[in-house]
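Written out below as structure tokens is the structure these notes cover.
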Amino acid sequence: MRVLLVEDDDLIAHGIQAGLRARGLTVDGVKTAAQAETTLSAVHCDVVILDLGLPDEDGMSLLQRWRADDMALPVLVLTARDAVEDRVAGLRAGADDYLLKPFDLDELVARLHALLRRAAGRSVATIEQGALRLDPERGEVSLHGRPVVLSRRELALLGALLHARGRILSVDQLKDSLYGFSEEIESNALNVHIHHLRRKLGADLIETVRGVGYRFNMGDA
Amino acid sequence: MSLRLRLLLMIGVSLSLLWGGVAVWMLRDLDDEMRRTLDQRLAMSARMVAGLISQNPAAWDTRSGTAGASTLTVPATAKGLACQVSSLRGEVLARTPGATSAAIATTTPGFAEREIDGERWRSYTVEAHGLRITTADRLAERNTLLRDVMAAAIVPFVVALIGSLMMLWIGVRSGLVPLERLRQALARRAPDALTPIPDAPMPRELQPLVGTLNQLLERMRVTISRERRFTSDAAHELRTPLTALKTHLQVARITHGKDAETALDYAEEGASRLQYTLQQLLTLAQVEGPFSWDESQRTYTDEVACLAMRDAAPDAPERVVLESDDPPVELALPQALAVTALRNLLDNALRHAPAHHSVELKIQSAHDTVCFRVCDSGPGLTPAELTRVTQRFWRRDAGRGSGLGLAIVVAVTERCGGSLALVQRPTGGLEASLTLPRAKRGSPLVS
């Protein structure tokens, strides 16, 4: 899952990025509303964490503008203002969830996963496909009931493929959900991760569509 | 005492006293006039009888000769009124019934008053043509007549007075209705309602009151909303470093090795920021609040500069260049306040000046003030930023400083009567001039 974090305070942004990465999420951090818009138009994100006190524009008006432009991404608003009217205004402006600073990192991660789950139309925390079972929140995978240990990137890759439900994902799309834009990507890194996944979960689980990308084999997993 | 009662008492009492006085005055005049009129009538009756007799004095001459053997009795004309005609020798020639001889046996002409058989009579005697004519009034009758006249005059008067008092009560009551309506409107308000009182149609006299009340409400609303905003801002300012601290501690717990160490370093930075913000908030509260500072110690410019420089640049004291030709002078404010204000200015200058660039501090004494000038070679401020820079929690970029430094300096100058001026230097950078008052008691000291 790729998260866009819009937060102007360096110290907090560092903390959230480190925490979410440690929890297996891919995070892009930006500091201003303008940067956030540029990022959203350039890369695919699954969820946005938005701080309301931004230097160039109030987070609330940015959110309203997004919603007016039919931006459908789930947005979690992060704020230090705890008045009820602030929260109501945030939700009215189109926030999907609201978290008050200071928050618990685990709670933030759980809420992000819940947002994503709701956006995907699922009501349970785990994704099951045949004998494969993925709990994105805990980062646990099992095949035929036996736990499989996956690395952070492999988990993210599996999550992205499962979320697509058999749709073909291009190499760029897969890279987007695996790496933040500040991270160095080696040219064959994606192939290596696909290779590892096939080795751990079975060769025919991930199908290669030549010249297009990859897709999860929904037939018999 | 209620306004209504005051009005009723004031108007009611003065009305009653005034009209009571007028009534007494009028009744006394009436009494005198009545008595004089009755006396005149008595005298006139006597003269009238004398006039009648003068038309045929002969008849009375013969009668006077018969020495009162048969007294001529005239029918009674009025109750309590008597008349007697007698010769100058004292023989009674004619008299009305009911008039005892003694009652009118007066020999001296003119008015007389005497008591006969327990009743007082007033008489008038006139002598003409050898006869003595006396008319008399019973005073009891007269007094009854006077009382009747008085009563006839006084009853309508009292009724009118009572009536006007009642009208007064009703008038005051209805006249005060708008005031009562205003009171009810105020009593019905929620305790935290600071919206203006609606200017419903109301008497002209109440409009200034309502206007003043609305101004007061507006001032209160502004003050309260400013305080609320400050509280909310303060909470925000404390939450931000607290969030950083908490997040990094949690990251440190779930990561290992270098990541965990970095997280702990960040957490420590968050803790220092929290500490700094808290300190600045407390300082601001102390400067603005009613706290008293230690004023026993005298404050001298050189000590203030020295302490502020030490606080602002403990690691690199050479970055502040002090320039002062004048001998140290005493300042009229507690040392701690002066040091705090100057340190905040130096802090800002050092923070915004390029690294390894020094900051100038000049001290200039004037007749009754001392000016501390802090000049840096940083980026300075735009005119728009200059207007906002002393606002609480304003910072140019997030995460640096508490946003309270200049607000504290302004609070210090407001408390001691100094001033702060920020000017963009033509050569670049900012010049902050902090003017503080000099102590009156001391003369410049030579160190």
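Following the order of the structure tokens, first chain is A, next is B, and so on, with residues numbered from 1 inside each chain and ligands from 1 in the order they appear.
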Near-Asn344 in chain B list (9 Å; only C-alpha atoms; drop same-chain fewer than 5 positions) as a PyMOL selection string: chain B and resi 308+312+339+349+405-406+408-409
Filtering to all heavy atoms, could you give me those residues as a PDB file, in the first residue's frame?
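Wrote result_20.pdb, looks like this:
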```pdb
ATOM      1  N   ALA B 308      22.141  37.912  28.593  1.00  0.00           N
ATOM      2  CA  ALA B 308      21.374  37.551  27.400  1.00  0.00           C
ATOM      3  C   ALA B 308      22.267  36.890  26.367  1.00  0.00           C
ATOM      4  O   ALA B 308      21.879  35.907  25.721  1.00  0.00           O
ATOM      5  CB  ALA B 308      20.713  38.803  26.814  1.00  0.00           C
ATOM      6  N   ALA B 312      21.815  33.199  24.907  1.00  0.00           N
ATOM      7  CA  ALA B 312      21.457  33.021  23.496  1.00  0.00           C
ATOM      8  C   ALA B 312      22.498  32.205  22.749  1.00  0.00           C
ATOM      9  O   ALA B 312      22.157  31.409  21.872  1.00  0.00           O
ATOM     10  CB  ALA B 312      21.281  34.388  22.833  1.00  0.00           C
ATOM     11  N   VAL B 339      16.505  40.579  30.496  1.00  0.00           N
ATOM     12  CA  VAL B 339      17.339  39.527  29.909  1.00  0.00           C
ATOM     13  C   VAL B 339      16.502  38.671  28.960  1.00  0.00           C
ATOM     14  O   VAL B 339      16.933  38.357  27.848  1.00  0.00           O
ATOM     15  CB  VAL B 339      17.972  38.664  31.023  1.00  0.00           C
ATOM     16  CG1 VAL B 339      18.658  37.444  30.420  1.00  0.00           C
ATOM     17  CG2 VAL B 339      18.954  39.485  31.830  1.00  0.00           C
ATOM     18  N   ALA B 349      17.994  36.579  15.924  1.00  0.00           N
ATOM     19  CA  ALA B 349      19.038  37.055  15.022  1.00  0.00           C
ATOM     20  C   ALA B 349      20.010  35.921  14.707  1.00  0.00           C
ATOM     21  O   ALA B 349      20.356  35.695  13.539  1.00  0.00           O
ATOM     22  CB  ALA B 349      19.759  38.230  15.665  1.00  0.00           C
ATOM     23  N   GLY B 405       8.701  34.042  20.712  1.00  0.00           N
ATOM     24  CA  GLY B 405       9.817  34.894  21.120  1.00  0.00           C
ATOM     25  C   GLY B 405       9.482  36.377  21.078  1.00  0.00           C
ATOM     26  O   GLY B 405       9.610  37.077  22.084  1.00  0.00           O
ATOM     27  N   LEU B 406       9.031  36.877  19.917  1.00  0.00           N
ATOM     28  CA  LEU B 406       8.764  38.310  19.800  1.00  0.00           C
ATOM     29  C   LEU B 406       7.506  38.699  20.562  1.00  0.00           C
ATOM     30  O   LEU B 406       7.416  39.813  21.064  1.00  0.00           O
ATOM     31  CB  LEU B 406       8.649  38.697  18.319  1.00  0.00           C
ATOM     32  CG  LEU B 406       9.992  38.691  17.578  1.00  0.00           C
ATOM     33  CD1 LEU B 406       9.792  39.069  16.123  1.00  0.00           C
ATOM     34  CD2 LEU B 406      10.983  39.638  18.227  1.00  0.00           C
ATOM     35  N   ILE B 408       6.765  37.563  23.398  1.00  0.00           N
ATOM     36  CA  ILE B 408       7.240  37.771  24.760  1.00  0.00           C
ATOM     37  C   ILE B 408       7.936  39.131  24.875  1.00  0.00           C
ATOM     38  O   ILE B 408       7.717  39.879  25.830  1.00  0.00           O
ATOM     39  CB  ILE B 408       8.194  36.625  25.173  1.00  0.00           C
ATOM     40  CG1 ILE B 408       7.399  35.331  25.301  1.00  0.00           C
ATOM     41  CG2 ILE B 408       8.902  36.959  26.477  1.00  0.00           C
ATOM     42  CD1 ILE B 408       8.245  34.115  25.541  1.00  0.00           C
ATOM     43  N   VAL B 409       8.738  39.485  23.862  1.00  0.00           N
ATOM     44  CA  VAL B 409       9.412  40.784  23.893  1.00  0.00           C
ATOM     45  C   VAL B 409       8.377  41.904  23.954  1.00  0.00           C
ATOM     46  O   VAL B 409       8.482  42.840  24.758  1.00  0.00           O
ATOM     47  CB  VAL B 409      10.316  40.963  22.652  1.00  0.00           C
ATOM     48  CG1 VAL B 409      10.983  42.324  22.680  1.00  0.00           C
ATOM     49  CG2 VAL B 409      11.359  39.871  22.586  1.00  0.00           C
TER      50      VAL B 409
END
```
Backbone DSSP call of helix (DSSP H, G or I) for range 321-365 of chain B, listed as a ChimeraX atom specification: /B:335-352
Near chain A, 9 Å: chain B residue rows, closest pairs, only C-alpha atoms, as CSV:
```
residue,atom,partner,partner_atom,distance
B:Ser232,CA,A:Arg81,CA,7.0
B:Asp233,CA,A:Arg81,CA,8.4
B:Ala235,CA,A:Ala80,CA,7.5
B:His236,CA,A:Ala80,CA,5.1
B:Glu237,CA,A:Ala80,CA,8.3
B:Leu238,CA,A:Ala80,CA,8.9
B:Arg239,CA,A:Pro102,CA,6.0
B:Thr240,CA,A:Ala80,CA,6.9
B:Pro241,CA,A:Ile12,CA,7.7
B:Leu242,CA,A:Pro102,CA,6.3
B:Thr243,CA,A:Pro102,CA,4.1
B:Ala244,CA,A:Ile12,CA,4.5
B:Leu245,CA,A:Ile12,CA,8.1
B:Lys246,CA,A:Pro102,CA,7.0
B:Thr247,CA,A:Gly15,CA,5.4
B:His248,CA,A:Gly15,CA,5.0
B:Leu249,CA,A:Gly15,CA,8.7
B:Gln250,CA,A:Leu105,CA,6.7
B:Val251,CA,A:Gly19,CA,4.9
B:Ala252,CA,A:Gly19,CA,8.5
B:Ile254,CA,A:Ala22,CA,7.1
B:Thr255,CA,A:Ala22,CA,6.6
B:Asp259,CA,A:Ala18,CA,8.0
B:Ala263,CA,A:Gly15,CA,7.1
B:Tyr266,CA,A:Leu11,CA,6.8
B:Ala267,CA,A:Leu11,CA,8.5
B:Glu269,CA,A:Leu11,CA,8.1
B:Gly270,CA,A:Leu11,CA,7.1
B:Arg396,CA,A:Pro55,CA,9.0
B:Asp397,CA,A:Pro55,CA,7.7
B:Ala398,CA,A:Asp9,CA,5.9
B:Gly399,CA,A:Asp9,CA,5.7
```
Neighbour list for Thr134 in chain B as a VMD selection string, cut-off 7 Å, only C-alpha atoms, skip fewer than 4 positions in-chain: chain B and resid 46 83 to 85 104 123 to 126
Kindly export the residues of the current selection with all heavy atoms, as a PDB file, in the first residue's frame.
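Result written to out29.pdb:
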```pdb
ATOM      1  N   ALA B  46     -76.801  95.663  61.286  1.00  0.00           N
ATOM      2  CA  ALA B  46     -77.042  96.683  62.316  1.00  0.00           C
ATOM      3  C   ALA B  46     -77.315  98.028  61.668  1.00  0.00           C
ATOM      4  O   ALA B  46     -78.255  98.740  62.040  1.00  0.00           O
ATOM      5  CB  ALA B  46     -75.819  96.748  63.236  1.00  0.00           C
ATOM      6  N   CYS B  83     -80.982  90.362  67.096  1.00  0.00           N
ATOM      7  CA  CYS B  83     -80.907  91.817  66.906  1.00  0.00           C
ATOM      8  C   CYS B  83     -81.693  92.485  68.048  1.00  0.00           C
ATOM      9  O   CYS B  83     -82.689  91.944  68.523  1.00  0.00           O
ATOM     10  CB  CYS B  83     -81.510  92.171  65.544  1.00  0.00           C
ATOM     11  SG  CYS B  83     -81.386  93.920  65.189  1.00  0.00           S
ATOM     12  N   GLN B  84     -81.197  93.599  68.497  1.00  0.00           N
ATOM     13  CA  GLN B  84     -81.909  94.300  69.579  1.00  0.00           C
ATOM     14  C   GLN B  84     -81.765  95.794  69.353  1.00  0.00           C
ATOM     15  O   GLN B  84     -80.689  96.289  68.993  1.00  0.00           O
ATOM     16  CB  GLN B  84     -81.287  93.894  70.922  1.00  0.00           C
ATOM     17  CG  GLN B  84     -81.794  94.708  72.088  1.00  0.00           C
ATOM     18  CD  GLN B  84     -81.102  94.292  73.376  1.00  0.00           C
ATOM     19  OE1 GLN B  84     -81.444  93.238  73.898  1.00  0.00           O
ATOM     20  NE2 GLN B  84     -80.199  95.108  73.868  1.00  0.00           N
ATOM     21  N   VAL B  85     -82.912  96.474  69.607  1.00  0.00           N
ATOM     22  CA  VAL B  85     -82.885  97.942  69.517  1.00  0.00           C
ATOM     23  C   VAL B  85     -83.200  98.474  70.907  1.00  0.00           C
ATOM     24  O   VAL B  85     -84.180  98.059  71.535  1.00  0.00           O
ATOM     25  CB  VAL B  85     -83.930  98.450  68.493  1.00  0.00           C
ATOM     26  CG1 VAL B  85     -83.883  99.952  68.378  1.00  0.00           C
ATOM     27  CG2 VAL B  85     -83.694  97.818  67.134  1.00  0.00           C
ATOM     28  N   ILE B 104     -76.757  90.746  74.268  1.00  0.00           N
ATOM     29  CA  ILE B 104     -76.472  91.893  73.421  1.00  0.00           C
ATOM     30  C   ILE B 104     -76.491  93.187  74.222  1.00  0.00           C
ATOM     31  O   ILE B 104     -76.657  94.271  73.672  1.00  0.00           O
ATOM     32  CB  ILE B 104     -77.476  91.932  72.260  1.00  0.00           C
ATOM     33  CG1 ILE B 104     -78.813  91.378  72.694  1.00  0.00           C
ATOM     34  CG2 ILE B 104     -76.938  91.179  71.084  1.00  0.00           C
ATOM     35  CD1 ILE B 104     -79.813  91.273  71.590  1.00  0.00           C
ATOM     36  N   SER B 123     -70.897  90.335  68.545  1.00  0.00           N
ATOM     37  CA  SER B 123     -71.937  91.350  68.343  1.00  0.00           C
ATOM     38  C   SER B 123     -71.356  92.609  67.710  1.00  0.00           C
ATOM     39  O   SER B 123     -70.144  92.840  67.752  1.00  0.00           O
ATOM     40  CB  SER B 123     -72.568  91.714  69.693  1.00  0.00           C
ATOM     41  OG  SER B 123     -71.582  92.252  70.554  1.00  0.00           O
ATOM     42  N   TYR B 124     -72.285  93.375  67.141  1.00  0.00           N
ATOM     43  CA  TYR B 124     -71.889  94.670  66.589  1.00  0.00           C
ATOM     44  C   TYR B 124     -72.926  95.697  67.038  1.00  0.00           C
ATOM     45  O   TYR B 124     -74.124  95.481  66.946  1.00  0.00           O
ATOM     46  CB  TYR B 124     -71.837  94.602  65.057  1.00  0.00           C
ATOM     47  CG  TYR B 124     -71.372  95.895  64.423  1.00  0.00           C
ATOM     48  CD1 TYR B 124     -69.991  96.210  64.432  1.00  0.00           C
ATOM     49  CD2 TYR B 124     -72.275  96.800  63.867  1.00  0.00           C
ATOM     50  CE1 TYR B 124     -69.558  97.389  63.875  1.00  0.00           C
ATOM     51  CE2 TYR B 124     -71.838  97.982  63.304  1.00  0.00           C
ATOM     52  CZ  TYR B 124     -70.461  98.290  63.308  1.00  0.00           C
ATOM     53  OH  TYR B 124     -70.044  99.467  62.755  1.00  0.00           O
ATOM     54  N   THR B 125     -72.451  96.797  67.556  1.00  0.00           N
ATOM     55  CA  THR B 125     -73.366  97.811  68.109  1.00  0.00           C
ATOM     56  C   THR B 125     -73.153  99.111  67.349  1.00  0.00           C
ATOM     57  O   THR B 125     -72.009  99.501  67.084  1.00  0.00           O
ATOM     58  CB  THR B 125     -73.067  98.030  69.590  1.00  0.00           C
ATOM     59  OG1 THR B 125     -73.100  96.763  70.238  1.00  0.00           O
ATOM     60  CG2 THR B 125     -74.080  98.978  70.215  1.00  0.00           C
ATOM     61  N   VAL B 126     -74.269  99.759  67.024  1.00  0.00           N
ATOM     62  CA  VAL B 126     -74.192 101.054  66.373  1.00  0.00           C
ATOM     63  C   VAL B 126     -75.193 102.002  67.055  1.00  0.00           C
ATOM     64  O   VAL B 126     -76.242 101.541  67.498  1.00  0.00           O
ATOM     65  CB  VAL B 126     -74.428 100.923  64.848  1.00  0.00           C
ATOM     66  CG1 VAL B 126     -75.848 100.522  64.553  1.00  0.00           C
ATOM     67  CG2 VAL B 126     -74.089 102.217  64.116  1.00  0.00           C
TER      68      VAL B 126
END
```
For range 61-63 of chain A: contacts at 9 Å, only C-alpha atoms, fewer than 3 positions along chain excluded, given as a list in words: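 The contact residues come out as Ala33, Leu50, Leu52, Glu57, Asp58, Trp66, Arg67, Ala68, Val75, Gly90, Ala93, Gly94 and Ala95 of chain A.
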Counting only C-alpha atoms, the option among A:Glu140, A:Asp204, A:Asp51, A:Asp70 closest to Tyr98 in chain A: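 Nearest candidate to Tyr98 in chain A out of A:Glu140, A:Asp204, A:Asp51, A:Asp70: A:Asp51.
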Separation of CA of Thr26 in chain A from CA of Ser170 in chain A, in Å and rounded to one decimal: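 Separation between CA of Thr26 in chain A and CA of Ser170 in chain A: 17.7 Å.
For range 100-168 of chain A, backbone-based DSSP labels the following residues as strand (DSSP E or B): A:Leu100, A:Ile127, A:Glu128, A:Gln129, A:Leu132, A:Arg133, A:Leu134, A:Asp135, A:Glu140, A:Val141, A:Ser142, A:Leu143, A:Arg146, A:Pro147, A:Val148.
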CA of His44 in chain A to CA of Leu5 in chain A, distance in Å rounded to a single decimal: 13.2 Å
Contacts of range 375-382 of chain B at 9 Å (only C-alpha atoms; same-chain gap of 4+ positions) as a PDB file with N, CA and C atoms, in the first residue's frame:
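Below is the file that was written, part.pdb:
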```pdb
ATOM      1  N   LEU B 346      18.195  38.189  20.419  1.00  0.00           N
ATOM      2  CA  LEU B 346      19.464  37.597  19.985  1.00  0.00           C
ATOM      3  C   LEU B 346      19.246  36.207  19.400  1.00  0.00           C
ATOM      4  N   ASN B 348      16.623  35.071  17.851  1.00  0.00           N
ATOM      5  CA  ASN B 348      16.080  35.199  16.494  1.00  0.00           C
ATOM      6  C   ASN B 348      17.185  35.583  15.519  1.00  0.00           C
ATOM      7  N   ALA B 349      17.994  36.579  15.924  1.00  0.00           N
ATOM      8  CA  ALA B 349      19.038  37.055  15.022  1.00  0.00           C
ATOM      9  C   ALA B 349      20.010  35.921  14.707  1.00  0.00           C
ATOM     10  N   LEU B 350      20.400  35.183  15.732  1.00  0.00           N
ATOM     11  CA  LEU B 350      21.357  34.092  15.523  1.00  0.00           C
ATOM     12  C   LEU B 350      20.759  32.992  14.661  1.00  0.00           C
ATOM     13  N   ARG B 351      19.454  32.760  14.872  1.00  0.00           N
ATOM     14  CA  ARG B 351      18.813  31.691  14.122  1.00  0.00           C
ATOM     15  C   ARG B 351      18.718  32.020  12.646  1.00  0.00           C
ATOM     16  N   HIS B 352      18.481  33.305  12.342  1.00  0.00           N
ATOM     17  CA  HIS B 352      18.269  33.660  10.945  1.00  0.00           C
ATOM     18  C   HIS B 352      19.531  34.134  10.240  1.00  0.00           C
ATOM     19  N   ALA B 353      20.561  34.491  10.994  1.00  0.00           N
ATOM     20  CA  ALA B 353      21.803  34.887  10.348  1.00  0.00           C
ATOM     21  C   ALA B 353      22.465  33.640   9.768  1.00  0.00           C
ATOM     22  N   PRO B 354      23.183  33.805   8.659  1.00  0.00           N
ATOM     23  CA  PRO B 354      23.887  32.638   8.102  1.00  0.00           C
ATOM     24  C   PRO B 354      24.882  32.103   9.128  1.00  0.00           C
ATOM     25  N   HIS B 357      28.127  33.737  10.765  1.00  0.00           N
ATOM     26  CA  HIS B 357      28.054  35.190  10.672  1.00  0.00           C
ATOM     27  C   HIS B 357      27.743  35.717  12.064  1.00  0.00           C
ATOM     28  N   SER B 358      28.347  36.850  12.381  1.00  0.00           N
ATOM     29  CA  SER B 358      28.106  37.367  13.722  1.00  0.00           C
ATOM     30  C   SER B 358      26.879  38.270  13.725  1.00  0.00           C
ATOM     31  N   VAL B 359      26.415  38.548  14.923  1.00  0.00           N
ATOM     32  CA  VAL B 359      25.249  39.389  15.137  1.00  0.00           C
ATOM     33  C   VAL B 359      25.720  40.564  15.974  1.00  0.00           C
ATOM     34  N   GLU B 360      25.272  41.786  15.611  1.00  0.00           N
ATOM     35  CA  GLU B 360      25.733  42.961  16.367  1.00  0.00           C
ATOM     36  C   GLU B 360      24.731  43.324  17.445  1.00  0.00           C
ATOM     37  N   LEU B 361      25.256  43.680  18.601  1.00  0.00           N
ATOM     38  CA  LEU B 361      24.398  44.205  19.666  1.00  0.00           C
ATOM     39  C   LEU B 361      24.958  45.555  20.065  1.00  0.00           C
ATOM     40  N   LYS B 362      24.171  46.627  19.856  1.00  0.00           N
ATOM     41  CA  LYS B 362      24.617  47.971  20.240  1.00  0.00           C
ATOM     42  C   LYS B 362      23.734  48.468  21.364  1.00  0.00           C
ATOM     43  N   LEU B 386       6.492  41.519   8.419  1.00  0.00           N
ATOM     44  CA  LEU B 386       6.751  42.432   9.537  1.00  0.00           C
ATOM     45  C   LEU B 386       5.485  42.719  10.339  1.00  0.00           C
ATOM     46  N   THR B 387       4.337  42.755   9.644  1.00  0.00           N
ATOM     47  CA  THR B 387       3.107  43.053  10.367  1.00  0.00           C
ATOM     48  C   THR B 387       2.651  41.876  11.213  1.00  0.00           C
ATOM     49  N   VAL B 389       4.794  39.449  12.517  1.00  0.00           N
ATOM     50  CA  VAL B 389       5.872  38.745  13.186  1.00  0.00           C
ATOM     51  C   VAL B 389       5.736  38.724  14.703  1.00  0.00           C
ATOM     52  N   VAL B 423      13.025  46.805  11.846  1.00  0.00           N
ATOM     53  CA  VAL B 423      13.237  47.485  10.561  1.00  0.00           C
ATOM     54  C   VAL B 423      14.126  46.616   9.678  1.00  0.00           C
ATOM     55  N   GLN B 424      13.754  46.586   8.399  1.00  0.00           N
ATOM     56  CA  GLN B 424      14.568  45.897   7.418  1.00  0.00           C
ATOM     57  C   GLN B 424      15.797  46.765   7.153  1.00  0.00           C
ATOM     58  N   ARG B 425      16.989  46.205   7.269  1.00  0.00           N
ATOM     59  CA  ARG B 425      18.194  47.034   7.043  1.00  0.00           C
ATOM     60  C   ARG B 425      18.424  47.205   5.549  1.00  0.00           C
ATOM     61  N   THR B 427      21.111  47.195   4.055  1.00  0.00           N
ATOM     62  CA  THR B 427      22.163  46.281   3.609  1.00  0.00           C
ATOM     63  C   THR B 427      21.721  44.831   3.690  1.00  0.00           C
ATOM     64  N   GLY B 428      20.467  44.590   3.996  1.00  0.00           N
ATOM     65  CA  GLY B 428      19.999  43.216   4.174  1.00  0.00           C
ATOM     66  C   GLY B 428      20.015  42.855   5.642  1.00  0.00           C
ATOM     67  N   GLY B 429      19.143  41.933   6.015  1.00  0.00           N
ATOM     68  CA  GLY B 429      19.056  41.568   7.420  1.00  0.00           C
ATOM     69  C   GLY B 429      18.066  42.458   8.153  1.00  0.00           C
ATOM     70  N   LEU B 430      17.910  42.158   9.418  1.00  0.00           N
ATOM     71  CA  LEU B 430      16.882  42.826  10.201  1.00  0.00           C
ATOM     72  C   LEU B 430      17.535  43.553  11.358  1.00  0.00           C
ATOM     73  N   GLU B 431      16.985  44.730  11.679  1.00  0.00           N
ATOM     74  CA  GLU B 431      17.455  45.435  12.858  1.00  0.00           C
ATOM     75  C   GLU B 431      16.291  45.524  13.841  1.00  0.00           C
ATOM     76  N   ALA B 432      16.517  44.982  15.035  1.00  0.00           N
ATOM     77  CA  ALA B 432      15.484  45.018  16.069  1.00  0.00           C
ATOM     78  C   ALA B 432      15.938  45.986  17.144  1.00  0.00           C
ATOM     79  N   SER B 433      15.093  47.010  17.411  1.00  0.00           N
ATOM     80  CA  SER B 433      15.459  47.982  18.447  1.00  0.00           C
ATOM     81  C   SER B 433      14.529  47.820  19.636  1.00  0.00           C
TER      82      SER B 433
END
```
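The list of residues with at least one atom within 7 Å of range 177-180 of chain A, based on only C-alpha atoms and without residues fewer than 6 positions apart in the same chain, reads Met1, Arg2, Thr26, Val27, Asp28, Arg153, Ala156, Leu157 and Ala160 of chain A.
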Could the residues in this selection be written to a file with C-alpha atoms, as a compact mmCIF listing (two decimals), in the first residue's frame?
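Saved result, part_19.txt, follows:
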```txt
# COMPACT_ATOMS: atom_id res chain seq x y z
CA MET A 1 0.00 0.00 0.00
CA ARG A 2 1.36 3.40 -0.93
CA THR A 26 5.27 2.65 1.27
CA VAL A 27 5.24 6.31 2.20
CA ASP A 28 5.84 9.48 0.20
CA ARG A 153 8.57 -5.42 -0.49
CA ALA A 156 3.57 -4.88 -0.66
CA LEU A 157 3.80 -6.55 -4.08
CA ALA A 160 -1.02 -4.73 -4.74
```
Contact residues around Leu15 in chain B with only C-alpha atoms at 9 Å, ignoring same-chain residues under 6 positions, as a VMD selection string: chain B and resid 161 164 to 165
How would the residues just chosen look if you wrote them out with N, CA and C atoms as a short mmCIF file (atom, residue, chain, number, x, y, z; two decimals), in the first residue's frame?
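Written out: part-v5.cif:
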```cif
data_model
loop_
_atom_site.label_atom_id
_atom_site.label_comp_id
_atom_site.auth_asym_id
_atom_site.auth_seq_id
_atom_site.Cartn_x
_atom_site.Cartn_y
_atom_site.Cartn_z
N LEU B 161 -56.19 64.62 44.73
CA LEU B 161 -54.83 64.23 45.09
C LEU B 161 -54.66 62.71 45.05
N SER B 164 -54.58 61.58 41.54
CA SER B 164 -53.33 61.78 40.81
C SER B 164 -52.24 60.84 41.30
N LEU B 165 -52.29 60.48 42.60
CA LEU B 165 -51.30 59.51 43.09
C LEU B 165 -51.49 58.16 42.40
#
```
Best match for closeness to Thr208 in chain A among A:Leu190, A:Ile168, A:Leu174, A:Ala89, counting only C-alpha atoms: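 So, comparing all the options, the nearest one is A:Ile168.
Across the model, the gap from CA of Gln280 in chain B to CA of Glu330 in chain B is 26.0 Å.
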